[in-house]
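What's in start_36.pdb: PDB, C-alpha atoms, pLDDT in the B column
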ATOM      1  CA  GLU L 299     166.533 294.447  99.781  1.00 66.00           C
ATOM      2  CA  VAL L 300     168.597 295.813  96.902  1.00 64.00           C
ATOM      3  CA  GLN L 301     167.319 299.206  95.748  1.00 87.00           C
ATOM      4  CA  LEU L 302     169.576 299.842  92.777  1.00 93.00           C
ATOM      5  CA  VAL L 303     168.003 300.776  89.452  1.00 95.00           C
ATOM      6  CA  ALA L 304     170.151 301.102  86.354  1.00 97.00           C
ATOM      7  CA  SER L 305     169.028 303.033  83.296  1.00 98.00           C
ATOM      8  CA  GLY L 306     170.337 304.608  80.104  1.00 98.00           C
ATOM      9  CA  GLY L 307     170.850 301.532  78.000  1.00 98.00           C
ATOM     10  CA  GLY L 308     169.677 301.162  74.442  1.00 98.00           C
ATOM     11  CA  LEU L 309     170.587 300.249  70.887  1.00 98.00           C
ATOM     12  CA  VAL L 310     173.669 301.950  69.487  1.00 98.00           C
ATOM     13  CA  GLN L 311     175.905 301.458  66.473  1.00 98.00           C
ATOM     14  CA  PRO L 312     179.527 300.369  66.834  1.00 98.00           C
ATOM     15  CA  GLY L 313     181.647 303.352  67.738  1.00 98.00           C
ATOM     16  CA  GLY L 314     178.761 305.046  69.470  1.00 98.00           C
ATOM     17  CA  SER L 315     178.332 306.176  73.055  1.00 98.00           C
ATOM     18  CA  LEU L 316     175.923 305.763  75.932  1.00 98.00           C
ATOM     19  CA  ARG L 317     175.773 306.988  79.506  1.00 98.00           C
ATOM     20  CA  LEU L 318     174.395 304.603  82.071  1.00 98.00           C
ATOM     21  CA  SER L 319     173.053 305.703  85.433  1.00 98.00           C
ATOM     22  CA  CYS L 320     172.367 303.763  88.592  1.00 97.00           C
ATOM     23  CA  ALA L 321     170.131 305.289  91.225  1.00 95.00           C
ATOM     24  CA  ASP L 322     170.316 304.100  94.812  1.00 93.00           C
ATOM     25  CA  SER L 323     167.573 304.769  97.316  1.00 89.00           C
ATOM     26  CA  ASP L 324     169.922 304.149 100.247  1.00 83.00           C
ATOM     27  CA  PHE L 325     170.907 307.384 101.984  1.00 80.00           C
ATOM     28  CA  LYS L 326     174.212 305.719 102.910  1.00 88.00           C
ATOM     29  CA  PHE L 327     175.236 305.449  99.241  1.00 91.00           C
ATOM     30  CA  SER L 328     178.344 307.577  99.766  1.00 92.00           C
ATOM     31  CA  ILE L 329     180.042 305.148 102.152  1.00 93.00           C
ATOM     32  CA  TYR L 330     180.125 302.270  99.691  1.00 94.00           C
ATOM     33  CA  TYR L 331     182.433 301.284  96.913  1.00 96.00           C
ATOM     34  CA  MET L 332     180.342 300.843  93.780  1.00 96.00           C
ATOM     35  CA  HIS L 333     180.766 298.490  90.863  1.00 97.00           C
ATOM     36  CA  TRP L 334     179.519 297.968  87.361  1.00 98.00           C
ATOM     37  CA  VAL L 335     179.189 294.422  86.098  1.00 98.00           C
ATOM     38  CA  ARG L 336     177.669 293.021  82.928  1.00 98.00           C
ATOM     39  CA  GLN L 337     176.314 289.770  81.621  1.00 97.00           C
ATOM     40  CA  ARG L 338     176.681 289.021  77.957  1.00 95.00           C
ATOM     41  CA  PRO L 339     174.287 286.538  76.346  1.00 89.00           C
ATOM     42  CA  GLY L 340     175.127 283.032  77.461  1.00 93.00           C
ATOM     43  CA  LYS L 341     178.034 284.206  79.606  1.00 95.00           C
ATOM     44  CA  ALA L 342     178.755 284.571  83.304  1.00 96.00           C
ATOM     45  CA  ILE L 343     178.704 287.875  85.131  1.00 96.00           C
ATOM     46  CA  GLU L 344     181.754 289.947  84.225  1.00 97.00           C
ATOM     47  CA  TRP L 345     183.285 292.718  86.315  1.00 98.00           C
ATOM     48  CA  VAL L 346     183.540 296.010  84.431  1.00 98.00           C
ATOM     49  CA  SER L 347     184.536 298.739  86.875  1.00 98.00           C
ATOM     50  CA  THR L 348     184.916 299.697  90.532  1.00 98.00           C
ATOM     51  CA  ILE L 349     184.901 303.226  91.913  1.00 98.00           C
ATOM     52  CA  ASN L 350     185.874 304.308  95.419  1.00 97.00           C
ATOM     53  CA  THR L 351     183.627 306.155  97.847  1.00 97.00           C
ATOM     54  CA  ASP L 352     184.471 309.717  96.824  1.00 95.00           C
ATOM     55  CA  GLY L 353     184.888 308.983  93.142  1.00 97.00           C
ATOM     56  CA  THR L 354     188.565 309.861  92.982  1.00 97.00           C
ATOM     57  CA  ARG L 355     189.730 306.453  91.869  1.00 98.00           C
ATOM     58  CA  ALA L 356     188.292 303.904  89.482  1.00 98.00           C
ATOM     59  CA  GLU L 357     189.526 300.634  88.094  1.00 98.00           C
ATOM     60  CA  TYR L 358     188.489 298.951  84.881  1.00 98.00           C
ATOM     61  CA  ALA L 359     188.564 295.583  83.215  1.00 98.00           C
ATOM     62  CA  SER L 360     191.139 295.454  80.470  1.00 98.00           C
ATOM     63  CA  SER L 361     188.397 294.922  77.882  1.00 97.00           C
ATOM     64  CA  VAL L 362     186.886 298.368  78.591  1.00 98.00           C
ATOM     65  CA  ARG L 363     189.821 300.423  79.890  1.00 98.00           C
ATOM     66  CA  GLY L 364     190.237 303.614  77.884  1.00 97.00           C
ATOM     67  CA  ARG L 365     186.668 303.445  76.561  1.00 98.00           C
ATOM     68  CA  PHE L 366     184.501 303.399  79.691  1.00 98.00           C
ATOM     69  CA  THR L 367     184.564 305.921  82.537  1.00 98.00           C
ATOM     70  CA  ALA L 368     182.882 305.460  85.904  1.00 98.00           C
ATOM     71  CA  SER L 369     181.835 308.377  88.077  1.00 98.00           C
ATOM     72  CA  ARG L 370     179.460 309.092  90.933  1.00 98.00           C
ATOM     73  CA  ASP L 371     177.468 311.923  92.424  1.00 97.00           C
ATOM     74  CA  ASN L 372     177.048 311.231  96.125  1.00 96.00           C
ATOM     75  CA  ALA L 373     174.674 314.157  96.550  1.00 95.00           C
ATOM     76  CA  LYS L 374     172.317 312.454  94.114  1.00 95.00           C
ATOM     77  CA  ASN L 375     173.021 308.874  95.253  1.00 95.00           C
ATOM     78  CA  THR L 376     173.816 308.049  91.646  1.00 96.00           C
ATOM     79  CA  LEU L 377     176.530 306.080  89.895  1.00 97.00           C
ATOM     80  CA  TYR L 378     177.385 306.604  86.238  1.00 98.00           C
ATOM     81  CA  LEU L 379     179.186 304.755  83.480  1.00 98.00           C
ATOM     82  CA  GLN L 380     180.139 306.577  80.298  1.00 98.00           C
ATOM     83  CA  LEU L 381     180.545 304.099  77.458  1.00 98.00           C
ATOM     84  CA  ASN L 382     182.484 305.348  74.427  1.00 98.00           C
ATOM     85  CA  ASN L 383     183.678 303.661  71.240  1.00 98.00           C
ATOM     86  CA  LEU L 384     181.261 300.822  71.828  1.00 98.00           C
ATOM     87  CA  LYS L 385     181.919 297.447  70.255  1.00 98.00           C
ATOM     88  CA  THR L 386     179.548 294.615  69.423  1.00 97.00           C
ATOM     89  CA  GLU L 387     181.108 292.579  72.220  1.00 96.00           C
ATOM     90  CA  ASP L 388     179.920 295.204  74.722  1.00 98.00           C
ATOM     91  CA  THR L 389     176.365 293.993  74.142  1.00 97.00           C
ATOM     92  CA  ALA L 390     175.153 292.913  77.581  1.00 98.00           C
ATOM     93  CA  MET L 391     172.862 293.591  80.481  1.00 98.00           C
ATOM     94  CA  TYR L 392     174.636 296.071  82.737  1.00 98.00           C
ATOM     95  CA  TYR L 393     174.136 296.143  86.503  1.00 97.00           C
ATOM     96  CA  CYS L 394     175.441 298.186  89.390  1.00 96.00           C
ATOM     97  CA  VAL L 395     176.482 296.603  92.663  1.00 95.00           C
ATOM     98  CA  LYS L 396     177.076 298.201  96.044  1.00 94.00           C
ATOM     99  CA  GLY L 397     179.581 297.134  98.672  1.00 91.00           C
ATOM    100  CA  PRO L 398     182.955 295.428  98.999  1.00 91.00           C
ATOM    101  CA  SER L 399     182.335 292.803  96.322  1.00 92.00           C
ATOM    102  CA  ALA L 400     181.406 293.299  92.696  1.00 92.00           C
ATOM    103  CA  TYR L 401     179.582 289.979  92.904  1.00 91.00           C
ATOM    104  CA  GLY L 402     177.115 291.002  95.579  1.00 89.00           C
ATOM    105  CA  PRO L 403     173.377 291.480  95.087  1.00 88.00           C
ATOM    106  CA  ARG L 404     172.465 293.250  91.853  1.00 90.00           C
ATOM    107  CA  GLY L 405     169.552 295.530  91.278  1.00 86.00           C
ATOM    108  CA  GLN L 406     167.615 296.114  88.109  1.00 93.00           C
ATOM    109  CA  GLY L 407     169.873 296.141  85.051  1.00 96.00           C
ATOM    110  CA  THR L 408     169.822 298.034  81.785  1.00 98.00           C
ATOM    111  CA  GLN L 409     170.339 296.458  78.361  1.00 98.00           C
ATOM    112  CA  VAL L 410     173.037 297.748  76.039  1.00 98.00           C
ATOM    113  CA  THR L 411     172.933 296.468  72.471  1.00 98.00           C
ATOM    114  CA  VAL L 412     175.675 297.402  70.031  1.00 98.00           C
ATOM    115  CA  SER L 413     174.749 296.554  66.479  1.00 97.00           C
ATOM    116  CA  SER L 414     174.874 298.023  63.012  1.00 95.00           C
TER
END

Encoding of this model in structure tokens:
Amino acid sequence: EVQLVASGGGLVQPGGSLRLSCADSDFKFSIYYMHWVRQRPGKAIEWVSTINTDGTRAEYASSVRGRFTASRDNAKNTLYLQLNNLKTEDTAMYYCVKGPSAYGPRGQGTQVTVSS
């Protein structure tokens, strides 16, 4: 059973910022690669970011590179995504995923709406 709960979403104006969190109840959190994915209205799931186990390396989709930053705190079993310079096209439900594939089971998502 997936025990990932994302939070921190909300309504923000274009150019604004948000910080998403994803809490994992699994004590083995630190051994997994973690991913952020999103689903825009009417669209398929889209990969956003992947971070390695110790948080020293992250990769990003070209659409968010330079604006989004992934990080993790293994002591708190928590994954983060800092979203800066948000655009209307970033409006989506954001999910975190644990494991080798970004398209594995998703937990509870958090809605990000970018609108003026």

Any chance you could work out the residue set of the PyMOL selection byres ((chain L and resi 319-336) around 7) here, as a PyMOL selection string? chain L and resi 301-306+317-318+337-338+343-351+372+375-379+390-398+400

Choose the residue, out of L:Gln406, L:Ser399, L:Asn383, L:Ser361, that has the smallest atom-to-atom separation from Val310 (chain L); count only C-alpha atoms. L:Asn383

Closest to Ser315 (chain L) among L:Ser414, L:Tyr401, L:Gln409, L:Leu381, using all atoms listed in the file?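 For Ser315 (chain L), the nearest of the candidates is L:Leu381.
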
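Take CA of Ala359 (chain L) and CA of Asp388 (chain L): the distance between them is 12.1 Å.
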
Do you have the CA of Gln380 (chain L)-CA of Ser413 (chain L) distance handy?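 One can read the CA of Gln380 (chain L) to CA of Ser413 (chain L) distance as 17.9 Å.
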
One decimal, in Å: what's the spacing between CA of Val412 (chain L) and CA of Leu384 (chain L)?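 Going from CA of Val412 (chain L) over to CA of Leu384 (chain L) covers 6.8 Å.
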
Let me know the centre plus edge lengths, in Å and rounded to one decimal, of a box with edges along x, y and z that contains all listed atoms of region 339-343 of chain L and is padded by 5 Å on every side, as JSON.
{"center_x": 176.5, "center_y": 285.5, "center_z": 80.7, "size_x": 14.5, "size_y": 14.8, "size_z": 18.8}

Taking all atoms listed in the file into account, name the residue in L:Gly308, L:Arg404, L:Tyr358, L:Glu387 that is nearest to Lys341 (chain L).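 Closest to Lys341 (chain L) of all the choices is L:Glu387.
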
Could you write region 315-332 of chain L of the block just shown to a file containing N, CA, C and O atoms, as a PDB file, in the first residue's frame?
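In the end it all went to selection07.pdb:
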ATOM      1  N   SER L 315       5.384  31.539  -6.048  1.00  0.00           N
ATOM      2  CA  SER L 315       6.125  30.368  -5.593  1.00  0.00           C
ATOM      3  C   SER L 315       5.289  29.521  -4.643  1.00  0.00           C
ATOM      4  O   SER L 315       4.391  30.039  -3.963  1.00  0.00           O
ATOM      5  N   LEU L 316       5.610  28.251  -4.616  1.00  0.00           N
ATOM      6  CA  LEU L 316       5.044  27.317  -3.652  1.00  0.00           C
ATOM      7  C   LEU L 316       6.118  26.308  -3.287  1.00  0.00           C
ATOM      8  O   LEU L 316       7.060  26.075  -4.066  1.00  0.00           O
ATOM      9  N   ARG L 317       5.953  25.680  -2.128  1.00  0.00           N
ATOM     10  CA  ARG L 317       6.821  24.580  -1.743  1.00  0.00           C
ATOM     11  C   ARG L 317       5.947  23.382  -1.420  1.00  0.00           C
ATOM     12  O   ARG L 317       5.145  23.430  -0.479  1.00  0.00           O
ATOM     13  N   LEU L 318       6.105  22.347  -2.197  1.00  0.00           N
ATOM     14  CA  LEU L 318       5.369  21.115  -1.979  1.00  0.00           C
ATOM     15  C   LEU L 318       6.169  20.179  -1.088  1.00  0.00           C
ATOM     16  O   LEU L 318       7.402  20.167  -1.142  1.00  0.00           O
ATOM     17  N   SER L 319       5.467  19.400  -0.296  1.00  0.00           N
ATOM     18  CA  SER L 319       6.088  18.377   0.531  1.00  0.00           C
ATOM     19  C   SER L 319       5.424  17.045   0.252  1.00  0.00           C
ATOM     20  O   SER L 319       4.254  16.994  -0.148  1.00  0.00           O
ATOM     21  N   CYS L 320       6.162  15.987   0.471  1.00  0.00           N
ATOM     22  CA  CYS L 320       5.613  14.642   0.341  1.00  0.00           C
ATOM     23  C   CYS L 320       6.138  13.818   1.503  1.00  0.00           C
ATOM     24  O   CYS L 320       7.352  13.567   1.590  1.00  0.00           O
ATOM     25  N   ALA L 321       5.250  13.415   2.366  1.00  0.00           N
ATOM     26  CA  ALA L 321       5.620  12.633   3.538  1.00  0.00           C
ATOM     27  C   ALA L 321       5.425  11.153   3.256  1.00  0.00           C
ATOM     28  O   ALA L 321       4.408  10.743   2.691  1.00  0.00           O
ATOM     29  N   ASP L 322       6.405  10.377   3.670  1.00  0.00           N
ATOM     30  CA  ASP L 322       6.367   8.925   3.463  1.00  0.00           C
ATOM     31  C   ASP L 322       6.420   8.239   4.814  1.00  0.00           C
ATOM     32  O   ASP L 322       7.304   8.513   5.631  1.00  0.00           O
ATOM     33  N   SER L 323       5.508   7.315   5.032  1.00  0.00           N
ATOM     34  CA  SER L 323       5.479   6.618   6.315  1.00  0.00           C
ATOM     35  C   SER L 323       6.421   5.417   6.353  1.00  0.00           C
ATOM     36  O   SER L 323       6.554   4.764   7.379  1.00  0.00           O
ATOM     37  N   ASP L 324       7.072   5.143   5.230  1.00  0.00           N
ATOM     38  CA  ASP L 324       7.970   3.992   5.136  1.00  0.00           C
ATOM     39  C   ASP L 324       9.330   4.342   5.730  1.00  0.00           C
ATOM     40  O   ASP L 324       9.985   5.287   5.273  1.00  0.00           O
ATOM     41  N   PHE L 325       9.781   3.562   6.711  1.00  0.00           N
ATOM     42  CA  PHE L 325      11.063   3.878   7.343  1.00  0.00           C
ATOM     43  C   PHE L 325      12.240   3.636   6.401  1.00  0.00           C
ATOM     44  O   PHE L 325      13.363   4.044   6.683  1.00  0.00           O
ATOM     45  N   LYS L 326      11.975   2.981   5.263  1.00  0.00           N
ATOM     46  CA  LYS L 326      13.037   2.742   4.283  1.00  0.00           C
ATOM     47  C   LYS L 326      13.091   3.816   3.205  1.00  0.00           C
ATOM     48  O   LYS L 326      13.696   3.623   2.159  1.00  0.00           O
ATOM     49  N   PHE L 327      12.466   4.959   3.462  1.00  0.00           N
ATOM     50  CA  PHE L 327      12.412   6.064   2.504  1.00  0.00           C
ATOM     51  C   PHE L 327      13.765   6.361   1.890  1.00  0.00           C
ATOM     52  O   PHE L 327      13.885   6.583   0.682  1.00  0.00           O
ATOM     53  N   SER L 328      14.821   6.350   2.695  1.00  0.00           N
ATOM     54  CA  SER L 328      16.127   6.836   2.256  1.00  0.00           C
ATOM     55  C   SER L 328      16.791   5.962   1.197  1.00  0.00           C
ATOM     56  O   SER L 328      17.751   6.393   0.569  1.00  0.00           O
ATOM     57  N   ILE L 329      16.305   4.759   0.983  1.00  0.00           N
ATOM     58  CA  ILE L 329      16.959   3.877   0.013  1.00  0.00           C
ATOM     59  C   ILE L 329      16.358   3.999  -1.382  1.00  0.00           C
ATOM     60  O   ILE L 329      16.824   3.342  -2.314  1.00  0.00           O
ATOM     61  N   TYR L 330      15.328   4.821  -1.510  1.00  0.00           N
ATOM     62  CA  TYR L 330      14.628   4.918  -2.786  1.00  0.00           C
ATOM     63  C   TYR L 330      14.922   6.222  -3.528  1.00  0.00           C
ATOM     64  O   TYR L 330      14.970   7.293  -2.920  1.00  0.00           O
ATOM     65  N   TYR L 331      15.048   6.106  -4.840  1.00  0.00           N
ATOM     66  CA  TYR L 331      14.917   7.290  -5.668  1.00  0.00           C
ATOM     67  C   TYR L 331      13.468   7.777  -5.510  1.00  0.00           C
ATOM     68  O   TYR L 331      12.542   6.987  -5.335  1.00  0.00           O
ATOM     69  N   MET L 332      13.315   9.106  -5.600  1.00  0.00           N
ATOM     70  CA  MET L 332      11.986   9.690  -5.482  1.00  0.00           C
ATOM     71  C   MET L 332      11.708  10.576  -6.686  1.00  0.00           C
ATOM     72  O   MET L 332      12.631  11.173  -7.267  1.00  0.00           O
TER      73      MET L 332
END
